[in-house]
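So this one's structure-v1.cif, mmCIF, C-alpha atoms:
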```cif
data_protein
loop_
_atom_site.label_atom_id
_atom_site.label_comp_id
_atom_site.auth_asym_id
_atom_site.auth_seq_id
_atom_site.Cartn_x
_atom_site.Cartn_y
_atom_site.Cartn_z
CA MET A 1 -17.13 -11.39 6.04
CA LYS A 2 -18.12 -9.43 2.89
CA LEU A 3 -16.27 -6.12 2.94
CA GLY A 4 -16.06 -2.96 0.87
CA LEU A 5 -12.62 -1.40 0.52
CA LEU A 6 -12.46 2.39 0.72
CA PHE A 7 -10.05 2.72 -2.12
CA SER A 8 -7.89 5.58 -3.38
CA GLY A 9 -5.52 3.52 -5.51
CA GLY A 10 -2.65 4.41 -3.19
CA LYS A 11 -0.46 2.17 -1.07
CA ASP A 12 -2.36 2.33 2.25
CA SER A 13 -5.84 1.45 1.04
CA THR A 14 -4.53 -1.26 -1.29
CA TYR A 15 -2.37 -2.79 1.43
CA ALA A 16 -5.30 -2.68 3.88
CA GLY A 17 -7.36 -4.62 1.32
CA PHE A 18 -4.54 -7.13 0.93
CA LEU A 19 -4.47 -7.66 4.71
CA ALA A 20 -8.24 -8.09 4.85
CA GLN A 21 -8.04 -10.85 2.21
CA LYS A 22 -5.07 -12.42 4.01
CA TYR A 23 -7.15 -12.60 7.21
CA GLY A 24 -9.90 -14.49 5.38
CA HIS A 25 -12.31 -11.69 4.45
CA ASN A 26 -13.81 -11.16 1.04
CA ILE A 27 -13.45 -7.75 -0.63
CA VAL A 28 -16.59 -7.63 -2.74
CA CYS A 29 -16.36 -4.03 -3.92
CA LEU A 30 -14.12 -0.99 -3.99
CA ILE A 31 -15.48 2.41 -3.03
CA SER A 32 -13.71 5.40 -4.48
CA LEU A 33 -14.39 9.10 -4.01
CA GLU A 34 -13.37 11.37 -6.84
CA SER A 35 -12.91 14.78 -5.29
CA LYS A 36 -12.93 18.03 -7.24
CA ASN A 37 -11.08 19.63 -4.36
CA LEU A 38 -7.38 18.83 -4.73
CA GLU A 39 -6.85 19.99 -1.13
CA SER A 40 -9.42 17.58 0.36
CA TYR A 41 -8.58 16.51 3.94
CA MET A 42 -10.60 13.33 3.50
CA PHE A 43 -9.61 11.94 0.13
CA HIS A 44 -6.42 11.28 -1.76
CA THR A 45 -6.73 12.98 -5.17
CA PRO A 46 -3.82 12.40 -7.62
CA SER A 47 -4.53 9.78 -10.28
CA VAL A 48 -7.68 8.62 -8.50
CA SER A 49 -9.23 8.21 -11.98
CA GLN A 50 -6.95 5.19 -12.35
CA THR A 51 -8.86 3.28 -9.66
CA VAL A 52 -11.09 1.83 -12.42
CA ASN A 53 -8.05 0.23 -14.09
CA GLN A 54 -6.92 -1.10 -10.72
CA SER A 55 -10.36 -2.56 -10.00
CA ASN A 56 -10.18 -4.38 -13.36
CA MET A 57 -6.81 -5.82 -12.35
CA MET A 58 -8.39 -7.10 -9.13
CA ASP A 59 -11.62 -8.32 -10.74
CA ILE A 60 -13.49 -6.42 -8.05
CA PRO A 61 -16.30 -4.00 -9.00
CA ILE A 62 -15.91 -0.36 -8.07
CA ILE A 63 -18.37 2.29 -6.92
CA THR A 64 -17.07 5.71 -7.90
CA GLN A 65 -18.73 8.65 -6.22
CA LYS A 66 -17.99 12.18 -7.36
CA THR A 67 -17.74 14.81 -4.65
CA SER A 68 -17.14 18.54 -4.52
CA GLY A 69 -14.65 17.79 -1.74
CA LYS A 70 -16.13 20.49 0.50
CA LYS A 71 -15.90 19.70 4.19
CA GLU A 72 -19.37 18.42 5.05
CA SER A 73 -20.74 17.56 1.60
CA GLU A 74 -17.89 15.12 1.01
CA LEU A 75 -19.04 13.17 4.07
CA LYS A 76 -22.58 12.99 2.69
CA ASP A 77 -21.13 11.70 -0.59
CA LEU A 78 -19.02 9.14 1.25
CA LYS A 79 -22.04 7.93 3.20
CA LYS A 80 -24.06 7.70 -0.01
CA ALA A 81 -21.36 5.54 -1.64
CA ILE A 82 -21.03 3.24 1.40
CA LYS A 83 -24.82 2.90 1.60
CA GLN A 84 -24.89 1.96 -2.08
CA ALA A 85 -22.21 -0.71 -1.44
CA LYS A 86 -24.27 -2.07 1.44
CA GLU A 87 -27.40 -2.30 -0.69
CA LYS A 88 -25.81 -3.54 -3.93
CA TYR A 89 -23.06 -5.84 -2.65
CA LYS A 90 -24.45 -6.68 0.82
CA ILE A 91 -21.25 -5.61 2.53
CA GLU A 92 -21.05 -6.14 6.29
CA GLY A 93 -18.11 -3.84 6.83
CA ILE A 94 -15.61 -1.37 5.41
CA VAL A 95 -11.83 -1.59 5.25
CA THR A 96 -9.75 1.60 5.22
CA GLY A 97 -6.07 2.40 4.95
CA ALA A 98 -6.18 4.92 7.82
CA VAL A 99 -2.85 5.05 9.63
CA ALA A 100 -2.81 8.04 11.95
CA SER A 101 -5.37 10.60 10.79
CA VAL A 102 -7.96 10.94 13.52
CA TYR A 103 -9.79 13.49 11.32
CA GLN A 104 -10.39 10.89 8.59
CA THR A 105 -10.94 7.84 10.75
CA THR A 106 -13.40 9.56 13.11
CA ARG A 107 -15.62 10.51 10.20
CA ILE A 108 -15.49 7.07 8.59
CA GLN A 109 -16.13 5.37 11.95
CA LYS A 110 -19.22 7.56 12.51
CA ILE A 111 -20.65 6.74 9.07
CA CYS A 112 -20.06 2.99 9.51
CA ASN A 113 -21.57 3.08 12.99
CA GLU A 114 -24.70 4.84 11.70
CA LEU A 115 -25.02 2.21 8.96
CA LYS A 116 -24.31 -0.64 11.44
CA LEU A 117 -21.23 -1.72 9.50
CA GLU A 118 -17.94 -3.01 10.90
CA CYS A 119 -15.03 -0.68 10.24
CA PHE A 120 -11.59 -2.28 9.84
CA ASN A 121 -8.45 -0.13 9.94
CA PRO A 122 -5.63 -2.70 9.86
CA LEU A 123 -2.85 -0.09 9.52
CA TRP A 124 -4.08 2.02 12.43
CA GLN A 125 -1.18 3.41 14.50
CA LYS A 126 1.30 1.27 12.58
CA ASN A 127 4.91 2.41 12.36
CA GLN A 128 5.29 4.05 8.94
CA PHE A 129 8.64 2.44 8.15
CA GLU A 130 7.10 -0.93 8.99
CA ILE A 131 4.38 -0.27 6.39
CA LEU A 132 6.96 0.60 3.72
CA GLU A 133 9.02 -2.51 4.51
CA GLU A 134 5.95 -4.75 4.41
CA LEU A 135 4.94 -3.32 1.03
CA ILE A 136 8.30 -4.34 -0.40
CA LYS A 137 8.22 -7.74 1.31
CA ASN A 138 4.76 -8.42 -0.12
CA LYS A 139 5.80 -7.40 -3.64
CA PHE A 140 3.80 -4.19 -3.92
CA GLU A 141 4.96 -1.93 -6.75
CA VAL A 142 4.14 1.59 -5.71
CA VAL A 143 5.06 4.89 -7.38
CA LEU A 144 4.79 8.47 -6.16
CA THR A 145 2.14 10.54 -7.96
CA GLY A 146 2.31 13.74 -5.97
CA VAL A 147 4.77 15.54 -3.67
CA PHE A 148 3.69 18.38 -1.42
CA ALA A 149 6.49 19.14 1.03
CA TYR A 150 10.00 20.55 0.84
CA PRO A 151 12.50 19.17 -0.11
CA LEU A 152 10.49 16.70 -2.21
CA ASN A 153 10.41 17.94 -5.82
CA GLU A 154 9.50 16.80 -9.33
CA LYS A 155 12.42 14.34 -9.35
CA TRP A 156 10.49 12.25 -6.80
CA ILE A 157 7.45 11.90 -9.07
CA GLY A 158 7.31 8.38 -10.48
CA ARG A 159 9.86 7.09 -7.98
CA LYS A 160 9.20 3.53 -6.77
CA ILE A 161 9.01 2.57 -3.12
CA ASP A 162 11.99 0.29 -2.66
CA SER A 163 14.81 -0.11 -0.14
CA SER A 164 16.68 2.96 -1.44
CA PHE A 165 13.48 5.01 -1.09
CA ILE A 166 13.22 3.90 2.55
CA LEU A 167 16.84 4.91 3.19
CA ASP A 168 16.24 8.34 1.66
CA MET A 169 13.03 8.75 3.63
CA LYS A 170 14.86 7.92 6.87
CA LYS A 171 17.28 10.76 6.17
CA LEU A 172 14.45 13.19 5.26
CA ASN A 173 12.53 12.11 8.34
CA GLU A 174 15.52 12.91 10.58
CA LYS A 175 16.35 16.20 8.89
CA TYR A 176 12.96 17.61 7.82
CA LYS A 177 10.47 15.49 9.83
CA ILE A 178 8.97 14.23 6.56
CA ASN A 179 6.54 11.46 7.45
CA PRO A 180 8.00 8.35 5.76
CA ALA A 181 4.59 7.07 4.71
CA GLY A 182 3.34 10.47 3.52
CA GLU A 183 0.74 10.46 6.28
CA GLY A 184 1.05 14.21 6.75
CA GLY A 185 0.16 14.72 3.09
CA GLU A 186 3.84 14.99 2.07
CA PHE A 187 3.30 12.68 -0.89
CA GLU A 188 0.68 10.51 -2.57
CA THR A 189 1.16 7.13 -4.20
CA LEU A 190 -0.31 4.81 -6.82
CA VAL A 191 -0.12 1.01 -6.76
CA ILE A 192 0.75 -0.42 -10.18
CA ASN A 193 1.15 -4.03 -9.06
CA CYS A 194 0.49 -6.15 -5.97
CA PRO A 195 -0.62 -9.69 -5.09
CA LEU A 196 -4.27 -8.64 -5.59
CA PHE A 197 -3.64 -7.74 -9.26
CA LYS A 198 -3.80 -10.16 -12.20
CA ARG A 199 -0.82 -8.40 -13.76
CA GLN A 200 1.25 -5.25 -13.53
CA LEU A 201 -0.29 -2.02 -14.80
CA LYS A 202 2.00 -0.18 -17.21
CA ILE A 203 2.29 3.59 -17.14
CA VAL A 204 1.82 4.51 -20.80
CA GLY A 205 1.53 8.24 -20.39
CA LYS A 206 1.81 10.95 -17.82
CA ARG A 207 1.44 14.68 -17.30
CA THR A 208 3.29 16.31 -14.42
CA TRP A 209 2.72 19.88 -13.30
CA SER A 210 3.13 22.30 -10.42
CA ASP A 211 0.38 24.71 -9.32
CA ASP A 212 2.55 26.76 -7.01
CA ASN A 213 5.90 27.55 -8.64
CA GLY A 214 7.51 24.25 -7.81
CA LYS A 215 6.52 23.95 -4.14
CA SER A 216 4.41 20.89 -4.90
CA TRP A 217 4.05 18.59 -7.88
CA ARG A 218 1.31 16.33 -9.17
CA THR A 219 1.10 13.82 -11.96
CA GLU A 220 -1.80 12.29 -13.85
CA VAL A 221 -0.83 8.93 -15.31
CA ILE A 222 -2.45 6.77 -17.95
CA LEU A 223 -2.31 3.09 -17.08
CA LYS A 224 -2.78 0.09 -19.32
CA MET B 1 5.64 -11.00 31.66
CA ILE B 2 2.62 -8.98 30.53
CA LEU B 3 -0.50 -10.76 29.38
CA VAL B 4 -2.27 -8.87 26.59
CA ILE B 5 -5.88 -9.97 26.18
CA SER B 6 -7.73 -9.37 22.93
CA THR B 7 -11.50 -8.86 23.13
CA CYS B 8 -11.84 -8.78 19.33
CA LYS B 9 -14.23 -11.10 17.54
CA TYR B 10 -12.28 -10.71 14.27
CA LYS B 11 -8.54 -11.31 14.08
CA LEU B 12 -8.24 -8.46 11.53
CA HIS B 13 -9.38 -6.05 14.26
CA GLU B 14 -6.44 -7.12 16.42
CA LEU B 15 -4.17 -5.17 14.05
CA GLU B 16 -6.08 -2.06 15.09
CA PHE B 17 -6.78 -2.62 18.77
CA VAL B 18 -4.09 -5.03 20.02
CA LYS B 19 -1.01 -4.48 17.84
CA PRO B 20 -0.59 -0.78 18.78
CA ILE B 21 -0.42 -1.86 22.44
CA GLU B 22 1.98 -4.70 21.63
CA ASP B 23 4.16 -2.16 19.76
CA ILE B 24 4.36 0.03 22.88
CA LEU B 25 5.45 -3.02 24.91
CA LYS B 26 8.03 -3.99 22.27
CA GLU B 27 9.47 -0.45 22.08
CA ASN B 28 9.93 -0.59 25.85
CA ASN B 29 11.50 -4.06 25.86
CA LYS B 30 8.65 -5.61 27.83
CA LYS B 31 8.00 -9.30 27.42
CA TYR B 32 4.41 -10.11 26.62
CA ILE B 33 2.11 -12.82 25.41
CA THR B 34 -1.17 -12.14 23.60
CA LYS B 35 -4.27 -14.27 23.94
CA ASN B 36 -7.78 -13.82 22.69
CA TYR B 37 -10.26 -14.06 25.61
CA THR B 38 -11.83 -17.14 24.05
CA GLN B 39 -8.50 -19.00 24.42
CA LEU B 40 -7.49 -17.72 27.83
CA ASN B 41 -6.64 -20.28 30.52
CA LYS B 42 -5.66 -20.31 34.20
CA ASN B 43 -2.02 -20.84 33.34
CA ASP B 44 -1.91 -17.60 31.33
CA LEU B 45 -3.25 -15.65 34.29
CA GLU B 46 -0.86 -17.33 36.74
CA LYS B 47 2.21 -16.61 34.60
CA ALA B 48 1.36 -12.94 34.06
CA ASP B 49 2.85 -10.16 36.17
CA LYS B 50 0.47 -7.58 34.71
CA ILE B 51 -2.52 -7.77 32.39
CA ILE B 52 -3.83 -5.40 29.70
CA ILE B 53 -7.30 -6.02 28.28
CA CYS B 54 -7.54 -4.27 24.89
CA GLY B 55 -10.56 -2.68 23.26
CA THR B 56 -12.43 -3.67 20.14
CA SER B 57 -14.54 -2.13 17.36
CA LEU B 58 -17.76 -0.12 17.69
CA GLN B 59 -19.93 -2.88 16.26
CA ASP B 60 -18.26 -5.76 18.13
CA PHE B 61 -20.32 -6.70 21.18
CA GLY B 62 -19.28 -10.37 21.32
CA TYR B 63 -17.37 -9.95 24.59
CA LEU B 64 -20.61 -8.91 26.34
CA ASN B 65 -21.98 -12.40 25.74
CA HIS B 66 -18.95 -14.10 27.28
CA LEU B 67 -18.69 -12.63 30.76
CA ASP B 68 -17.95 -16.13 32.09
CA ASN B 69 -14.50 -15.78 30.53
CA PHE B 70 -13.80 -12.76 32.74
CA TYR B 71 -15.03 -13.47 36.30
CA TRP B 72 -11.39 -13.94 37.34
CA LEU B 73 -11.35 -10.11 37.38
CA ASN B 74 -13.24 -10.32 40.72
CA LYS B 75 -10.50 -12.21 42.45
CA ILE B 76 -7.28 -11.16 40.78
CA THR B 77 -4.77 -9.13 42.80
CA LYS B 78 -2.33 -8.56 39.92
CA PRO B 79 -2.31 -5.18 38.14
CA VAL B 80 -4.89 -5.00 35.34
CA LEU B 81 -5.49 -2.17 32.87
CA GLY B 82 -8.75 -2.40 30.92
CA VAL B 83 -9.06 -0.32 27.77
CA CYS B 84 -12.59 0.50 26.50
CA SER B 85 -14.24 -2.95 26.30
CA GLY B 86 -11.61 -3.99 28.90
CA MET B 87 -12.88 -1.29 31.27
CA GLN B 88 -16.45 -2.35 30.57
CA LEU B 89 -15.56 -5.93 31.48
CA ILE B 90 -13.99 -4.79 34.77
CA GLY B 91 -17.23 -2.95 35.58
CA LEU B 92 -19.59 -5.73 34.47
CA THR B 93 -17.77 -8.39 36.49
CA HIS B 94 -18.17 -6.13 39.56
CA GLN B 95 -21.95 -5.76 39.06
CA GLY B 96 -21.76 -2.55 37.02
CA VAL B 97 -24.60 -1.76 34.62
CA ASN B 98 -24.04 -1.49 30.88
CA LYS B 99 -25.43 1.68 29.28
CA LYS B 100 -25.48 3.21 25.80
CA LYS B 101 -23.48 6.27 24.86
CA THR B 102 -21.66 6.77 21.57
CA GLU B 103 -18.49 8.84 21.62
CA ILE B 104 -16.17 8.82 18.59
CA GLY B 105 -13.06 10.96 18.11
CA PHE B 106 -11.12 13.44 20.22
CA TYR B 107 -12.59 14.71 23.48
CA LYS B 108 -11.09 16.69 26.35
CA GLU B 109 -11.41 14.83 29.64
CA LYS B 110 -10.64 16.25 33.07
CA PHE B 111 -9.11 14.06 35.77
CA ASN B 112 -10.50 14.89 39.21
CA LYS B 113 -8.25 12.39 40.96
CA ASN B 114 -4.77 11.03 40.35
CA PHE B 115 -4.82 8.15 37.88
CA LEU B 116 -1.60 6.22 37.17
CA ASN B 117 0.75 9.01 35.94
CA ILE B 118 -2.05 11.54 35.44
CA LYS B 119 -2.26 14.15 38.20
CA GLU B 120 -5.47 15.51 39.66
CA ASN B 121 -6.96 18.46 37.69
CA THR B 122 -5.18 17.51 34.45
CA LYS B 123 -7.15 17.94 31.23
CA LEU B 124 -6.26 15.46 28.51
CA GLU B 125 -7.23 15.13 24.88
CA VAL B 126 -8.24 11.51 24.42
CA TYR B 127 -9.54 9.34 21.59
CA HIS B 128 -12.93 7.73 22.12
CA LEU B 129 -14.45 4.86 20.15
CA HIS B 130 -17.36 3.30 21.98
CA ASN B 131 -21.12 2.75 21.91
CA ASN B 132 -21.34 1.48 25.51
CA TYR B 133 -20.11 2.45 28.94
CA ILE B 134 -20.52 1.11 32.45
CA ASP B 135 -22.28 2.98 35.21
CA PHE B 136 -19.71 2.87 38.01
CA SER B 137 -21.66 5.27 40.25
CA LYS B 138 -22.96 2.51 42.51
CA LEU B 139 -19.74 0.51 42.61
CA ASN B 140 -18.33 1.61 45.96
CA ASP B 141 -15.09 -0.31 45.50
CA PHE B 142 -14.08 2.01 42.64
CA ASP B 143 -12.92 5.62 42.46
CA THR B 144 -14.02 7.49 39.35
CA CYS B 145 -10.96 9.56 38.42
CA SER B 146 -12.40 11.15 35.27
CA LYS B 147 -16.02 11.63 34.36
CA SER B 148 -17.83 13.59 31.63
CA SER B 149 -21.61 14.00 31.90
CA SER B 150 -22.60 10.76 33.55
CA VAL B 151 -19.91 8.67 31.88
CA ALA B 152 -16.95 7.35 33.87
CA GLN B 153 -13.90 7.78 31.64
CA ALA B 154 -11.22 6.47 34.03
CA VAL B 155 -11.66 4.36 37.16
CA LYS B 156 -9.44 2.61 39.68
CA HIS B 157 -10.24 0.07 42.35
CA LYS B 158 -9.84 1.36 45.90
CA ASN B 159 -7.99 -1.69 47.23
CA LYS B 160 -6.58 -3.51 44.21
CA PRO B 161 -4.45 -2.42 41.22
CA LEU B 162 -7.39 -2.54 38.81
CA PHE B 163 -7.51 0.37 36.34
CA GLY B 164 -9.93 1.11 33.52
CA VAL B 165 -10.08 3.76 30.79
CA LEU B 166 -12.99 4.12 28.39
CA PHE B 167 -10.84 5.96 25.83
CA HIS B 168 -7.98 4.46 23.79
CA PRO B 169 -4.65 5.50 25.35
CA GLU B 170 -2.71 3.70 22.61
CA VAL B 171 -3.77 6.48 20.19
CA ARG B 172 -2.79 9.72 21.97
CA ASN B 173 -2.02 8.91 25.61
CA LYS B 174 0.69 6.26 25.45
CA GLU B 175 2.12 7.60 28.71
CA ILE B 176 -0.80 5.96 30.55
CA ILE B 177 0.21 2.54 29.23
CA LEU B 178 3.89 3.27 29.96
CA SER B 179 3.04 4.25 33.51
CA PHE B 180 1.06 1.03 33.96
CA ILE B 181 3.81 -1.26 32.64
CA ARG B 182 6.69 0.38 34.57
#
```

Translate the structure of the given file into structure tokens.
Amino acid sequence: MKLGLLFSGGKDSTYAGFLAQKYGHNIVCLISLESKNLESYMFHTPSVSQTVNQSNMMDIPIITQKTSGKKESELKDLKKAIKQAKEKYKIEGIVTGAVASVYQTTRIQKICNELKLECFNPLWQKNQFEILEELIKNKFEVVLTGVFAYPLNEKWIGRKIDSSFILDMKKLNEKYKINPAGEGGEFETLVINCPLFKRQLKIVGKRTWSDDNGKSWRTEVILK
Amino acid sequence: MILVISTCKYKLHELEFVKPIEDILKENNKKYITKNYTQLNKNDLEKADKIIICGTSLQDFGYLNHLDNFYWLNKITKPVLGVCSGMQLIGLTHQGVNKKKTEIGFYKEKFNKNFLNIKENTKLEVYHLHNNYIDFSKLNDFDTCSKSSSVAQAVKHKNKPLFGVLFHPEVRNKEIILSFIR
């Protein structure tokens, strides 16, 4: 089946795309929403500009749709982008990296249903530690590009998801209820290499800042 | 042993509609075997102590064209829980009529009768994902335990341990599945 991947450049959407390919489907385009609203409930924002570099690494074309990120207009923009993918690339369905957010998945399901497209959510309800372990097993190189919950701080920015990360997350999950996959918006990630890429993307520059006196941190990276 | 039946046309959808139910069984140390309905045989049904028929995606209607694979639901006396398309199959194989109604997302449903672990008069937030439902109103062998507008959301057979829910309990109401498997 020809599918479009709703793509943020982070671990969940990339891994969902990997699973879709593994199950015999063909990802014919990426669909990325670039939100002006850094607090968007729908879309992952840090380093989303790097999705173009990632699409080059996958040899898959990308549709990038800008959105104000306001509650209802971002859904119109999402629908517009999916419709464009349906017309241009003849997609028959969408793949998403939704894990537990009913808010996000309900809205995407409604759009796909209106457009008569299949909607695949292969990570839906999956145990978050299982996702992290599968990423490592499948040779995904993933770094943190934003942290938004205590006690995560700027030291976590750029950290790779590996077995020591999982151990630390287990401790933070027990003590602070930090969701180990960042599903509650605790952190955002960027995939710099995975089996879908031709080669690893190198981080050649980055700018890290805090908007709220060190309560949360974001980074914009330059990839090559 | 619990027989988990997939109604999904695409294997990729099983990660979304079947695996979450398998995970609940695993966490509770229940032995299970999973079969897609297209590969189901008599032996699978004979070996099973209980059966769960899982749901599928909004745009997947393949199971509606394969009712012949499900007429065993008329005769079976083992406990069966049908989720979404599974509930629809229970209704269709008992002469229920398929109707259109799209419900997606969280809804509050009231239970007017006891249903598995759910007590009468309980209101539950449930996750819906369906374009179809079955009109159970003329099926006298079934009790409708939860209903919103004209849509039966939870039904149970009056004489056999056949249960159906139109919503997806694996998302927010795992206790319903736990109650069924205990």

Which residues, named as in the file, does the PyMOL selection byres ((chain A) within 8 of (chain B)) pick out? Answer as a PDB file with C-alpha atoms, in the frame of the given file.
```
ATOM      1  CA  LEU A  19      -4.470  -7.660   4.710  1.00  0.00           C
ATOM      2  CA  ALA A  20      -8.240  -8.090   4.850  1.00  0.00           C
ATOM      3  CA  TYR A  23      -7.150 -12.600   7.210  1.00  0.00           C
ATOM      4  CA  VAL A 102      -7.960  10.940  13.520  1.00  0.00           C
ATOM      5  CA  TYR A 103      -9.790  13.490  11.320  1.00  0.00           C
ATOM      6  CA  THR A 106     -13.400   9.560  13.110  1.00  0.00           C
ATOM      7  CA  GLN A 109     -16.130   5.370  11.950  1.00  0.00           C
ATOM      8  CA  LYS A 110     -19.220   7.560  12.510  1.00  0.00           C
ATOM      9  CA  ASN A 113     -21.570   3.080  12.990  1.00  0.00           C
ATOM     10  CA  LYS A 116     -24.310  -0.640  11.440  1.00  0.00           C
ATOM     11  CA  LEU A 117     -21.230  -1.720   9.500  1.00  0.00           C
ATOM     12  CA  GLU A 118     -17.940  -3.010  10.900  1.00  0.00           C
ATOM     13  CA  CYS A 119     -15.030  -0.680  10.240  1.00  0.00           C
ATOM     14  CA  PHE A 120     -11.590  -2.280   9.840  1.00  0.00           C
ATOM     15  CA  ASN A 121      -8.450  -0.130   9.940  1.00  0.00           C
ATOM     16  CA  PRO A 122      -5.630  -2.700   9.860  1.00  0.00           C
ATOM     17  CA  LEU A 123      -2.850  -0.090   9.520  1.00  0.00           C
ATOM     18  CA  TRP A 124      -4.080   2.020  12.430  1.00  0.00           C
ATOM     19  CA  GLN A 125      -1.180   3.410  14.500  1.00  0.00           C
ATOM     20  CA  LYS A 126       1.300   1.270  12.580  1.00  0.00           C
TER      21      LYS A 126
END
```

(request) Point out the residue among B:Leu64, B:Leu3, B:Ile52, B:Cys84 with the least atom-to-atom distance to Leu40 (chain B), counting only C-alpha atoms. (result) B:Leu3

(request) Between A:Val221, A:Asn56, A:Ser35, A:Glu174, single out the one closest to Val143 (chain A), counting only C-alpha atoms. (result)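 Ranked by minimum distance to Val143 (chain A), first place goes to A:Val221.
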
Run the PyMOL selection byres ((chain A and resi 205-216) around 10) on the file and write out the hits as an mmCIF file with C-alpha atoms, in the frame of the given file.
```
data_model
loop_
_atom_site.group_PDB
_atom_site.id
_atom_site.type_symbol
_atom_site.label_atom_id
_atom_site.label_comp_id
_atom_site.auth_asym_id
_atom_site.auth_seq_id
_atom_site.Cartn_x
_atom_site.Cartn_y
_atom_site.Cartn_z
ATOM 1 C CA SER A 47 -4.530 9.780 -10.280
ATOM 2 C CA THR A 145 2.140 10.540 -7.960
ATOM 3 C CA GLY A 146 2.310 13.740 -5.970
ATOM 4 C CA VAL A 147 4.770 15.540 -3.670
ATOM 5 C CA PHE A 148 3.690 18.380 -1.420
ATOM 6 C CA ALA A 149 6.490 19.140 1.030
ATOM 7 C CA TYR A 150 10.000 20.550 0.840
ATOM 8 C CA PRO A 151 12.500 19.170 -0.110
ATOM 9 C CA LEU A 152 10.490 16.700 -2.210
ATOM 10 C CA ASN A 153 10.410 17.940 -5.820
ATOM 11 C CA GLU A 154 9.500 16.800 -9.330
ATOM 12 C CA ILE A 157 7.450 11.900 -9.070
ATOM 13 C CA GLY A 158 7.310 8.380 -10.480
ATOM 14 C CA GLU A 186 3.840 14.990 2.070
ATOM 15 C CA PHE A 187 3.300 12.680 -0.890
ATOM 16 C CA LYS A 202 2.000 -0.180 -17.210
ATOM 17 C CA ILE A 203 2.290 3.590 -17.140
ATOM 18 C CA VAL A 204 1.820 4.510 -20.800
ATOM 19 C CA TRP A 217 4.050 18.590 -7.880
ATOM 20 C CA ARG A 218 1.310 16.330 -9.170
ATOM 21 C CA THR A 219 1.100 13.820 -11.960
ATOM 22 C CA GLU A 220 -1.800 12.290 -13.850
ATOM 23 C CA VAL A 221 -0.830 8.930 -15.310
ATOM 24 C CA ILE A 222 -2.450 6.770 -17.950
ATOM 25 C CA LEU A 223 -2.310 3.090 -17.080
ATOM 26 C CA LYS A 224 -2.780 0.090 -19.320
#
```

(request) Quick one: everything within 7 Å of Gly86 (chain B), counting all atoms listed in the file, minus sequence neighbours fewer than 3 positions away in the same chain. Send it as a ChimeraX atom specification. (result) /B:53-55,82-83,89-90

(request) Find the distance between CA of Leu78 (chain A) and CA of Ile63 (chain A) and write it in Å to one decimal. (result)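 One can read the CA of Leu78 (chain A) to CA of Ile63 (chain A) distance as 10.7 Å.
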
(request) For CA of Phe129 (chain A) and CA of Thr189 (chain A), determine how far apart the two atoms are, in Å to one decimal place. (result)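 If I compute the distance from CA of Phe129 (chain A) to CA of Thr189 (chain A), I get 15.2 Å.
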
(message) Using Å and a single decimal, report how far CA of Lys9 (chain B) sits from CA of Tyr63 (chain B).
(response) 7.8 Å

(message) Measuring between only C-alpha atoms, which one of B:Leu67, B:Leu81, B:Ile2, B:Val155 shows the shortest distance to Phe111 (chain B)?
(response) B:Val155

(request) Enumerate, as a list in words, the residues matched when the PyMOL selection byres ((chain A and resi 132) around 9) is run on the file above. (result)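 Answer for the PyMOL selection byres ((chain A and resi 132) around 9): Lys11, Gln128, Phe129, Glu130, Ile131, Glu133, Glu134, Leu135, Ile136, Lys137, Ile161, Asp162, Ser163, Ile166, Pro180 and Ala181 of chain A.
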
Output for the residues just chosen: C-alpha atoms as a PDB file, keeping the file's coordinate frame:
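Now in part-v8.pdb:
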```pdb
ATOM      1  CA  LYS A  11      -0.460   2.170  -1.070  1.00  0.00           C
ATOM      2  CA  GLN A 128       5.290   4.050   8.940  1.00  0.00           C
ATOM      3  CA  PHE A 129       8.640   2.440   8.150  1.00  0.00           C
ATOM      4  CA  GLU A 130       7.100  -0.930   8.990  1.00  0.00           C
ATOM      5  CA  ILE A 131       4.380  -0.270   6.390  1.00  0.00           C
ATOM      6  CA  GLU A 133       9.020  -2.510   4.510  1.00  0.00           C
ATOM      7  CA  GLU A 134       5.950  -4.750   4.410  1.00  0.00           C
ATOM      8  CA  LEU A 135       4.940  -3.320   1.030  1.00  0.00           C
ATOM      9  CA  ILE A 136       8.300  -4.340  -0.400  1.00  0.00           C
ATOM     10  CA  LYS A 137       8.220  -7.740   1.310  1.00  0.00           C
ATOM     11  CA  ILE A 161       9.010   2.570  -3.120  1.00  0.00           C
ATOM     12  CA  ASP A 162      11.990   0.290  -2.660  1.00  0.00           C
ATOM     13  CA  SER A 163      14.810  -0.110  -0.140  1.00  0.00           C
ATOM     14  CA  ILE A 166      13.220   3.900   2.550  1.00  0.00           C
ATOM     15  CA  PRO A 180       8.000   8.350   5.760  1.00  0.00           C
ATOM     16  CA  ALA A 181       4.590   7.070   4.710  1.00  0.00           C
TER      17      ALA A 181
END
```

(message) I want to know what sits within 8 Å of region 113-125 of chain B, based on only C-alpha atoms, with residues of the same chain fewer than 6 positions away left out; could you give that as a ChimeraX atom specification?
(response) /B:106-107,144-146,154-156,172,175-176,179-180

(message) Given only C-alpha atoms as the basis, pick out the residue of B:Ile33, B:Val4, B:Val18, B:Leu92 nearest to His66 (chain B).
(response)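 So, comparing all the options, the nearest one is B:Leu92.
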